[in-house]
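Chemist: What follows is upload20.pdb, made up of PDB, C-alpha atoms:
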```pdb
ATOM      1  CA  MET H 239     -55.714  21.680  17.691  1.00  0.00           C
ATOM      2  CA  PHE H 240     -52.442  22.449  15.935  1.00  0.00           C
ATOM      3  CA  SER H 241     -50.616  22.399  19.265  1.00  0.00           C
ATOM      4  CA  THR H 242     -52.055  18.979  20.127  1.00  0.00           C
ATOM      5  CA  ASN H 243     -51.030  17.493  16.801  1.00  0.00           C
ATOM      6  CA  ARG H 244     -47.575  18.976  17.159  1.00  0.00           C
ATOM      7  CA  ASP H 245     -47.193  17.454  20.630  1.00  0.00           C
ATOM      8  CA  MET H 246     -48.322  14.034  19.382  1.00  0.00           C
ATOM      9  CA  PHE H 247     -45.849  14.243  16.490  1.00  0.00           C
ATOM     10  CA  ALA H 248     -43.069  15.088  18.907  1.00  0.00           C
ATOM     11  CA  VAL H 249     -43.933  12.100  21.111  1.00  0.00           C
ATOM     12  CA  CYS H 250     -44.020   9.762  18.098  1.00  0.00           C
ATOM     13  CA  ALA H 251     -40.709  11.116  16.832  1.00  0.00           C
ATOM     14  CA  VAL H 252     -39.035  10.510  20.196  1.00  0.00           C
ATOM     15  CA  ALA H 253     -40.511   6.999  20.381  1.00  0.00           C
ATOM     16  CA  LEU H 254     -39.283   6.193  16.858  1.00  0.00           C
ATOM     17  CA  PHE H 255     -35.810   7.494  17.677  1.00  0.00           C
ATOM     18  CA  CYS H 256     -35.699   5.333  20.800  1.00  0.00           C
ATOM     19  CA  LEU H 257     -36.744   2.241  18.834  1.00  0.00           C
ATOM     20  CA  MET H 258     -34.083   2.927  16.216  1.00  0.00           C
ATOM     21  CA  SER H 259     -31.449   3.357  18.922  1.00  0.00           C
ATOM     22  CA  VAL H 260     -32.407   0.045  20.528  1.00  0.00           C
ATOM     23  CA  SER H 261     -32.351  -1.650  17.139  1.00  0.00           C
ATOM     24  CA  HIS H 262     -28.871  -0.336  16.303  1.00  0.00           C
ATOM     25  CA  SER H 263     -27.499  -1.221  19.748  1.00  0.00           C
ATOM     26  CA  ALA H 264     -28.914  -4.770  19.755  1.00  0.00           C
ATOM     27  CA  PRO H 265     -26.132  -7.382  19.557  1.00  0.00           C
ATOM     28  CA  LEU H 266     -25.688  -9.204  16.275  1.00  0.00           C
ATOM     29  CA  SER H 267     -26.405 -12.907  16.053  1.00  0.00           C
ATOM     30  CA  CYS H 268     -23.587 -15.399  15.554  1.00  0.00           C
ATOM     31  CA  GLU H 269     -24.848 -15.930  12.023  1.00  0.00           C
ATOM     32  CA  ASP H 270     -24.213 -12.255  11.294  1.00  0.00           C
ATOM     33  CA  LEU H 271     -20.970 -12.031  13.279  1.00  0.00           C
ATOM     34  CA  VAL H 272     -19.236 -14.817  11.363  1.00  0.00           C
ATOM     35  CA  CYS H 273     -20.818 -14.086   7.991  1.00  0.00           C
ATOM     36  CA  PRO H 274     -18.380 -14.751   5.082  1.00  0.00           C
ATOM     37  CA  LEU H 275     -17.650 -11.807   2.800  1.00  0.00           C
ATOM     38  CA  ASP H 276     -17.906 -13.696  -0.477  1.00  0.00           C
ATOM     39  CA  GLN H 277     -17.399 -10.580  -2.615  1.00  0.00           C
ATOM     40  CA  LYS H 278     -14.361  -9.154  -0.805  1.00  0.00           C
ATOM     41  CA  ASN H 279     -11.428  -8.711  -3.179  1.00  0.00           C
ATOM     42  CA  PRO H 280      -8.158  -9.950  -1.608  1.00  0.00           C
ATOM     43  CA  TYR H 281      -6.196  -7.496  -3.750  1.00  0.00           C
ATOM     44  CA  ASP H 282      -7.686  -4.717  -1.626  1.00  0.00           C
ATOM     45  CA  MET H 283      -5.349  -6.022   1.087  1.00  0.00           C
ATOM     46  CA  VAL H 284      -2.118  -5.172  -0.727  1.00  0.00           C
ATOM     47  CA  GLY H 285       0.091  -3.451   1.848  1.00  0.00           C
ATOM     48  CA  SER H 286       1.050  -4.038   5.476  1.00  0.00           C
ATOM     49  CA  TRP H 287      -1.246  -5.105   8.316  1.00  0.00           C
ATOM     50  CA  ALA H 288      -0.565  -5.470  12.024  1.00  0.00           C
ATOM     51  CA  LEU H 289      -1.860  -8.563  13.760  1.00  0.00           C
ATOM     52  CA  VAL H 290      -4.074  -7.346  16.608  1.00  0.00           C
ATOM     53  CA  ALA H 291      -5.431 -10.585  18.050  1.00  0.00           C
ATOM     54  CA  GLY H 292      -5.915 -14.253  17.325  1.00  0.00           C
ATOM     55  CA  GLY H 293      -8.213 -17.033  18.450  1.00  0.00           C
ATOM     56  CA  LEU H 294      -6.881 -20.573  18.038  1.00  0.00           C
ATOM     57  CA  SER H 295      -8.514 -23.885  18.885  1.00  0.00           C
ATOM     58  CA  SER H 296      -5.274 -25.835  19.332  1.00  0.00           C
ATOM     59  CA  ALA H 297      -3.687 -25.468  22.770  1.00  0.00           C
ATOM     60  CA  ALA H 298      -0.201 -26.058  21.333  1.00  0.00           C
ATOM     61  CA  ASP H 299      -0.661 -23.432  18.626  1.00  0.00           C
ATOM     62  CA  LEU H 300      -2.050 -21.021  21.203  1.00  0.00           C
ATOM     63  CA  GLU H 301       1.029 -21.371  23.419  1.00  0.00           C
ATOM     64  CA  ASP H 302       3.287 -20.824  20.408  1.00  0.00           C
ATOM     65  CA  PHE H 303       1.266 -17.741  19.500  1.00  0.00           C
ATOM     66  CA  LYS H 304       1.733 -16.306  23.014  1.00  0.00           C
ATOM     67  CA  LEU H 305       5.533 -16.429  22.646  1.00  0.00           C
ATOM     68  CA  ARG H 306       5.507 -13.632  20.052  1.00  0.00           C
ATOM     69  CA  ASP H 307       5.974 -10.022  21.014  1.00  0.00           C
ATOM     70  CA  SER H 308       4.511  -8.746  17.761  1.00  0.00           C
ATOM     71  CA  SER H 309       3.422  -9.833  14.323  1.00  0.00           C
ATOM     72  CA  TRP H 310       2.567  -8.187  11.027  1.00  0.00           C
ATOM     73  CA  ILE H 311       1.906  -9.325   7.492  1.00  0.00           C
ATOM     74  CA  LEU H 312       2.668  -7.900   4.074  1.00  0.00           C
ATOM     75  CA  PHE H 313       0.576  -8.581   0.971  1.00  0.00           C
ATOM     76  CA  ALA H 314       2.077  -7.818  -2.434  1.00  0.00           C
ATOM     77  CA  ASN H 315       1.095  -8.570  -6.012  1.00  0.00           C
ATOM     78  CA  GLY H 316       2.718 -11.665  -7.448  1.00  0.00           C
ATOM     79  CA  SER H 317       4.155 -12.350 -10.867  1.00  0.00           C
ATOM     80  CA  GLU H 318       0.920 -14.008 -12.013  1.00  0.00           C
ATOM     81  CA  THR H 319      -2.539 -12.454 -12.054  1.00  0.00           C
ATOM     82  CA  SER H 320      -4.016 -14.712  -9.373  1.00  0.00           C
ATOM     83  CA  GLN H 321      -0.873 -14.984  -7.240  1.00  0.00           C
ATOM     84  CA  MET H 322      -0.016 -12.863  -4.227  1.00  0.00           C
ATOM     85  CA  LEU H 323       3.092 -12.712  -2.074  1.00  0.00           C
ATOM     86  CA  PHE H 324       2.223 -13.161   1.587  1.00  0.00           C
ATOM     87  CA  THR H 325       5.014 -12.471   4.095  1.00  0.00           C
ATOM     88  CA  ARG H 326       4.676 -12.895   7.843  1.00  0.00           C
ATOM     89  CA  HIS H 327       6.996 -11.090  10.257  1.00  0.00           C
ATOM     90  CA  TYR H 328       7.118 -12.549  13.777  1.00  0.00           C
ATOM     91  CA  GLY H 329       8.822 -10.597  16.549  1.00  0.00           C
ATOM     92  CA  PHE H 330      10.241 -12.441  19.570  1.00  0.00           C
ATOM     93  CA  PRO H 331      12.186 -10.993  22.515  1.00  0.00           C
ATOM     94  CA  ASP H 332      15.524 -11.929  20.920  1.00  0.00           C
ATOM     95  CA  ARG H 333      14.858 -12.242  17.201  1.00  0.00           C
ATOM     96  CA  CYS H 334      12.690 -11.694  14.164  1.00  0.00           C
ATOM     97  CA  GLU H 335      11.445 -14.484  11.919  1.00  0.00           C
ATOM     98  CA  ILE H 336      10.182 -14.063   8.362  1.00  0.00           C
ATOM     99  CA  TYR H 337       8.020 -16.508   6.439  1.00  0.00           C
ATOM    100  CA  PRO H 338       7.283 -15.622   2.786  1.00  0.00           C
ATOM    101  CA  SER H 339       4.662 -17.611   0.902  1.00  0.00           C
ATOM    102  CA  ASN H 340       2.870 -17.646  -2.425  1.00  0.00           C
ATOM    103  CA  ILE H 341      -0.876 -17.517  -2.053  1.00  0.00           C
ATOM    104  CA  THR H 342      -3.719 -17.513  -4.579  1.00  0.00           C
ATOM    105  CA  GLY H 343      -6.392 -14.855  -4.281  1.00  0.00           C
ATOM    106  CA  GLN H 344     -10.026 -15.186  -5.244  1.00  0.00           C
ATOM    107  CA  LEU H 345     -13.177 -13.303  -4.279  1.00  0.00           C
ATOM    108  CA  GLY H 346     -13.916 -13.981  -0.628  1.00  0.00           C
ATOM    109  CA  GLY H 347     -10.597 -15.462   0.364  1.00  0.00           C
ATOM    110  CA  LEU H 348      -7.167 -16.931  -0.287  1.00  0.00           C
ATOM    111  CA  THR H 349      -5.726 -20.389  -0.940  1.00  0.00           C
ATOM    112  CA  MET H 350      -2.286 -21.797  -0.168  1.00  0.00           C
ATOM    113  CA  GLU H 351      -2.356 -25.052  -2.124  1.00  0.00           C
ATOM    114  CA  SER H 352       0.992 -26.370  -0.906  1.00  0.00           C
ATOM    115  CA  LEU H 353      -0.378 -26.527   2.634  1.00  0.00           C
ATOM    116  CA  ASN H 354      -4.039 -27.228   1.837  1.00  0.00           C
ATOM    117  CA  LEU H 355      -4.838 -23.950   3.570  1.00  0.00           C
ATOM    118  CA  THR H 356      -7.854 -21.790   2.822  1.00  0.00           C
ATOM    119  CA  VAL H 357      -8.461 -18.314   4.214  1.00  0.00           C
ATOM    120  CA  ALA H 358     -11.962 -16.832   4.303  1.00  0.00           C
ATOM    121  CA  PHE H 359     -12.785 -13.193   4.983  1.00  0.00           C
ATOM    122  CA  LEU H 360     -15.467 -12.660   7.627  1.00  0.00           C
ATOM    123  CA  TYR H 361     -17.625  -9.713   8.650  1.00  0.00           C
ATOM    124  CA  THR H 362     -16.154  -6.979  10.855  1.00  0.00           C
ATOM    125  CA  SER H 363     -17.518  -3.535  11.668  1.00  0.00           C
ATOM    126  CA  CYS H 364     -13.972  -2.198  12.141  1.00  0.00           C
ATOM    127  CA  PRO H 365     -13.348   0.202   9.215  1.00  0.00           C
ATOM    128  CA  ASP H 366      -9.632  -0.516   8.801  1.00  0.00           C
ATOM    129  CA  CYS H 367      -9.557  -4.183   9.812  1.00  0.00           C
ATOM    130  CA  VAL H 368      -9.707  -7.529   8.055  1.00  0.00           C
ATOM    131  CA  LEU H 369     -10.965 -10.631   9.831  1.00  0.00           C
ATOM    132  CA  MET H 370      -9.611 -13.902   8.467  1.00  0.00           C
ATOM    133  CA  ARG H 371     -10.584 -17.465   9.246  1.00  0.00           C
ATOM    134  CA  TRP H 372      -7.820 -19.978   8.507  1.00  0.00           C
ATOM    135  CA  ASP H 373      -8.810 -23.583   7.799  1.00  0.00           C
ATOM    136  CA  VAL H 374      -6.939 -26.640   6.625  1.00  0.00           C
ATOM    137  CA  THR H 375      -8.256 -29.801   5.029  1.00  0.00           C
ATOM    138  CA  PRO H 376      -9.369 -32.620   7.365  1.00  0.00           C
ATOM    139  CA  GLY H 377      -6.546 -34.710   8.681  1.00  0.00           C
ATOM    140  CA  ASP H 378      -4.028 -31.883   9.000  1.00  0.00           C
ATOM    141  CA  LYS H 379      -2.579 -31.483  12.493  1.00  0.00           C
ATOM    142  CA  LEU H 380      -3.299 -27.748  12.584  1.00  0.00           C
ATOM    143  CA  SER H 381      -6.687 -26.483  13.710  1.00  0.00           C
ATOM    144  CA  PRO H 382      -8.906 -23.607  12.494  1.00  0.00           C
ATOM    145  CA  ALA H 383      -7.996 -20.138  13.680  1.00  0.00           C
ATOM    146  CA  LEU H 384      -9.380 -16.608  13.552  1.00  0.00           C
ATOM    147  CA  TYR H 385      -7.033 -13.650  13.029  1.00  0.00           C
ATOM    148  CA  LEU H 386      -7.834  -9.940  13.240  1.00  0.00           C
ATOM    149  CA  VAL H 387      -5.462  -7.592  11.411  1.00  0.00           C
ATOM    150  CA  SER H 388      -5.663  -3.824  11.114  1.00  0.00           C
ATOM    151  CA  LYS H 389      -3.854  -0.704   9.963  1.00  0.00           C
ATOM    152  CA  ARG H 390      -3.839   0.233  13.656  1.00  0.00           C
ATOM    153  CA  ARG H 391      -2.059  -1.729  16.352  1.00  0.00           C
ATOM    154  CA  GLU H 392      -4.645  -0.988  19.043  1.00  0.00           C
ATOM    155  CA  LEU H 393      -8.389  -0.998  18.473  1.00  0.00           C
ATOM    156  CA  GLU H 394     -11.304   0.509  20.356  1.00  0.00           C
ATOM    157  CA  LYS H 395     -13.028  -1.486  23.088  1.00  0.00           C
ATOM    158  CA  LYS H 396     -16.200  -2.020  21.026  1.00  0.00           C
ATOM    159  CA  GLU H 397     -14.130  -3.407  18.147  1.00  0.00           C
ATOM    160  CA  MET H 398     -12.331  -5.840  20.430  1.00  0.00           C
ATOM    161  CA  ASP H 399     -15.595  -6.833  22.127  1.00  0.00           C
ATOM    162  CA  GLU H 400     -16.984  -7.698  18.705  1.00  0.00           C
ATOM    163  CA  PHE H 401     -13.947  -9.862  17.912  1.00  0.00           C
ATOM    164  CA  ARG H 402     -14.241 -11.680  21.234  1.00  0.00           C
ATOM    165  CA  ALA H 403     -17.889 -12.394  20.442  1.00  0.00           C
ATOM    166  CA  GLN H 404     -16.889 -13.763  17.031  1.00  0.00           C
ATOM    167  CA  VAL H 405     -14.285 -16.026  18.607  1.00  0.00           C
ATOM    168  CA  LYS H 406     -16.911 -17.286  21.037  1.00  0.00           C
ATOM    169  CA  CYS H 407     -19.365 -17.910  18.182  1.00  0.00           C
ATOM    170  CA  LEU H 408     -16.816 -20.269  16.622  1.00  0.00           C
ATOM    171  CA  ASN H 409     -16.305 -22.064  19.965  1.00  0.00           C
ATOM    172  CA  LEU H 410     -12.664 -21.005  20.155  1.00  0.00           C
ATOM    173  CA  PRO H 411     -10.840 -20.256  23.427  1.00  0.00           C
ATOM    174  CA  PRO H 412     -10.577 -16.591  24.510  1.00  0.00           C
ATOM    175  CA  PRO H 413      -8.332 -14.721  22.046  1.00  0.00           C
ATOM    176  CA  VAL H 414      -4.771 -13.595  22.620  1.00  0.00           C
ATOM    177  CA  VAL H 415      -4.320  -9.856  22.096  1.00  0.00           C
ATOM    178  CA  MET H 416      -0.947  -8.573  20.915  1.00  0.00           C
ATOM    179  CA  ASP H 417       0.825  -5.908  22.979  1.00  0.00           C
ATOM    180  CA  PRO H 418       0.736  -2.704  20.858  1.00  0.00           C
ATOM    181  CA  THR H 419       3.744  -1.275  22.696  1.00  0.00           C
ATOM    182  CA  LYS H 420       6.100  -3.992  21.443  1.00  0.00           C
ATOM    183  CA  LYS H 421       8.279  -3.150  18.450  1.00  0.00           C
ATOM    184  CA  LEU H 422       7.488  -4.604  15.057  1.00  0.00           C
ATOM    185  CA  CYS H 423      10.192  -6.390  13.077  1.00  0.00           C
ATOM    186  CA  PRO H 424      11.572  -4.253  10.208  1.00  0.00           C
ATOM    187  CA  GLU H 425      10.495  -5.315   6.741  1.00  0.00           C
ATOM    188  CA  GLY H 426      12.766  -7.998   5.341  1.00  0.00           C
ATOM    189  CA  ALA H 427      14.852  -8.253   8.527  1.00  0.00           C
ATOM    190  CA  ALA H 428      15.412 -11.578  10.276  1.00  0.00           C
ATOM    191  CA  GLY H 429      17.435 -10.739  13.351  1.00  0.00           C
ATOM    192  CA  ASN H 430      19.728 -13.513  14.551  1.00  0.00           C
ATOM    193  CA  LEU H 431      18.279 -15.812  11.907  1.00  0.00           C
ATOM    194  CA  THR H 432      18.557 -16.403   8.195  1.00  0.00           C
ATOM    195  CA  ALA H 433      15.315 -15.434   6.481  1.00  0.00           C
ATOM    196  CA  GLN H 434      13.026 -18.412   6.665  1.00  0.00           C
ATOM    197  CA  THR H 435      11.680 -19.740   3.415  1.00  0.00           C
ATOM    198  CA  GLU H 436       9.641 -22.665   4.629  1.00  0.00           C
ATOM    199  CA  GLU H 437       5.918 -22.070   4.762  1.00  0.00           C
ATOM    200  CA  ARG H 438       3.910 -22.196   7.951  1.00  0.00           C
ATOM    201  CA  THR H 439       0.156 -21.918   8.408  1.00  0.00           C
ATOM    202  CA  LYS H 440       0.208 -20.057  11.692  1.00  0.00           C
ATOM    203  CA  GLY H 441      -0.940 -16.462  11.233  1.00  0.00           C
TER     204      GLY H 441
END
```
Produce structure tokens that represent the structure in this file.
Modeler:
Amino acid sequence: MFSTNRDMFAVCAVALFCLMSVSHSAPLSCEDLVCPLDQKNPYDMVGSWALVAGGLSSAADLEDFKLRDSSWILFANGSETSQMLFTRHYGFPDRCEIYPSNITGQLGGLTMESLNLTVAFLYTSCPDCVLMRWDVTPGDKLSPALYLVSKRRELEKKEMDEFRAQVKCLNLPPPVVMDPTKKLCPEGAAGNLTAQTEERTKG
């Protein structure tokens, strides 16, 4: 009798484990994949982040994005409590371009009032990544975009597959993935150019 009960318990345990495995491996819905992180603190992003990939709806912006060899961003605390310094470093085959901006941080995202730009943080299972959706107010010529940044320059296949699914959920074209072998521009260096001070909304 004891042996029979033990065998039944073993069968139930295996069945439960299989169900849990299927549950954990089931793909997330689009609602979950593009869920906003309303409580994420933007000041947790202080430091440098490499741009891994981007999905852009505008064909013109997408072509411009493809011209870059590399890209990384630097977040730093600003002079005011709610202000952050947001500097983008774009690497091209023959030069580096730098675009510093002031940006306002609030739980769940960022705002660049001078360009009517809002940035929302979205869900990602990548432990050292941040997924940002960039939107501008209606009427602006630029279109929404999705940018994945990380402390690493190259992510695992499952992490990239998740990002591609998120891009698809937002009806964006297939994303452009940065080449991790290309050199990053040094901090504060604008090769062959004077440091740019104008603000741009391309990530």
Chemist: In Å, with one decimal, what is the gap from atom CA of Cys423 of chain H to atom CA of Thr349 of chain H?
Modeler: 25.4 Å
Chemist: Running the PyMOL selection byres ((chain H and resi 422) around 9) on this model by hand, what would come out? Give it as a PDB file with C-alpha atoms, keeping the file's coordinate frame.
Modeler:
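Final output, out.pdb:
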```
ATOM      1  CA  ALA H 288      -0.565  -5.470  12.024  1.00  0.00           C
ATOM      2  CA  ASP H 307       5.974 -10.022  21.014  1.00  0.00           C
ATOM      3  CA  SER H 308       4.511  -8.746  17.761  1.00  0.00           C
ATOM      4  CA  SER H 309       3.422  -9.833  14.323  1.00  0.00           C
ATOM      5  CA  TRP H 310       2.567  -8.187  11.027  1.00  0.00           C
ATOM      6  CA  HIS H 327       6.996 -11.090  10.257  1.00  0.00           C
ATOM      7  CA  TYR H 328       7.118 -12.549  13.777  1.00  0.00           C
ATOM      8  CA  GLY H 329       8.822 -10.597  16.549  1.00  0.00           C
ATOM      9  CA  CYS H 334      12.690 -11.694  14.164  1.00  0.00           C
ATOM     10  CA  LYS H 420       6.100  -3.992  21.443  1.00  0.00           C
ATOM     11  CA  LYS H 421       8.279  -3.150  18.450  1.00  0.00           C
ATOM     12  CA  CYS H 423      10.192  -6.390  13.077  1.00  0.00           C
ATOM     13  CA  PRO H 424      11.572  -4.253  10.208  1.00  0.00           C
ATOM     14  CA  GLU H 425      10.495  -5.315   6.741  1.00  0.00           C
TER      15      GLU H 425
END
```
Chemist: Tell me which of H:Pro331, H:Pro413, H:Pro280, H:Gly426 sits closest to Ala358 of chain H, counting all atoms listed in the file.
Modeler: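 Nearest candidate to Ala358 of chain H out of H:Pro331, H:Pro413, H:Pro280, H:Gly426: H:Pro280.
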Chemist: Centre and edge lengths, as AutoDock Vina command-line options, for the axis-aligned box enclosing every listed atom of segment 280-289 of chain H with 5 Å of padding on each of the six sides, in Å to one decimal?
Modeler:
```
--center_x -3.6 --center_y -6.7 --center_z 5.0 --size_x 19.2 --size_y 16.5 --size_z 27.5
```
Chemist: Using all atoms listed in the file, which protein or nucleic acid residues come within 9 Å of segment 264-276 of chain H? Drop anything in the same chain fewer than 3 positions from it, and give the result as a list in words.
Modeler: Ser259, Val260, Ser261, Asn279, Leu345, Gly346, Gly347, Ala358, Phe359, Leu360, Tyr361, Thr362, Glu400, Phe401, Ala403, Gln404, Val405, Lys406, Cys407 and Leu408 of chain H
Chemist: Give me the residues within 9 Å of Ser295 of chain H as a PyMOL selection string, counting only C-alpha atoms and dropping any in the same chain fewer than 4 places off.
Modeler: chain H and resi 299-300+381-383+409-411
Chemist: If we count all atoms listed in the file and set the cut-off at 8 Å, which residues sit around Ala291 of chain H, ignoring sequence neighbours fewer than 3 positions away in its own chain? Please answer as a ChimeraX atom specification.
Modeler: /H:385-387,413-416
Chemist: I would like the residues chosen by the PyMOL selection byres ((chain H and resi 394) around 12) on the shown file; could you give them as a list in words?
Modeler: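 For this structure, the PyMOL selection byres ((chain H and resi 394) around 12) captures Val290, Ser363, Cys364, Pro365, Asp366, Cys367, Ser388, Arg390, Arg391, Glu392, Leu393, Lys395, Lys396, Glu397, Met398, Asp399, Glu400 and Phe401 of chain H.
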Chemist: Interatomic distance between atom CA of Leu312 of chain H and atom CA of Ile341 of chain H?
Modeler: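 Answer for the atom CA of Leu312 of chain H to atom CA of Ile341 of chain H separation: 11.9 Å.
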Chemist: H:Met283, H:Ile336, H:Ala297, H:Val374: which is nearest Ala314 of chain H, counting all atoms listed in the file?
Modeler: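 Of all the options, H:Met283 lies closest to Ala314 of chain H.
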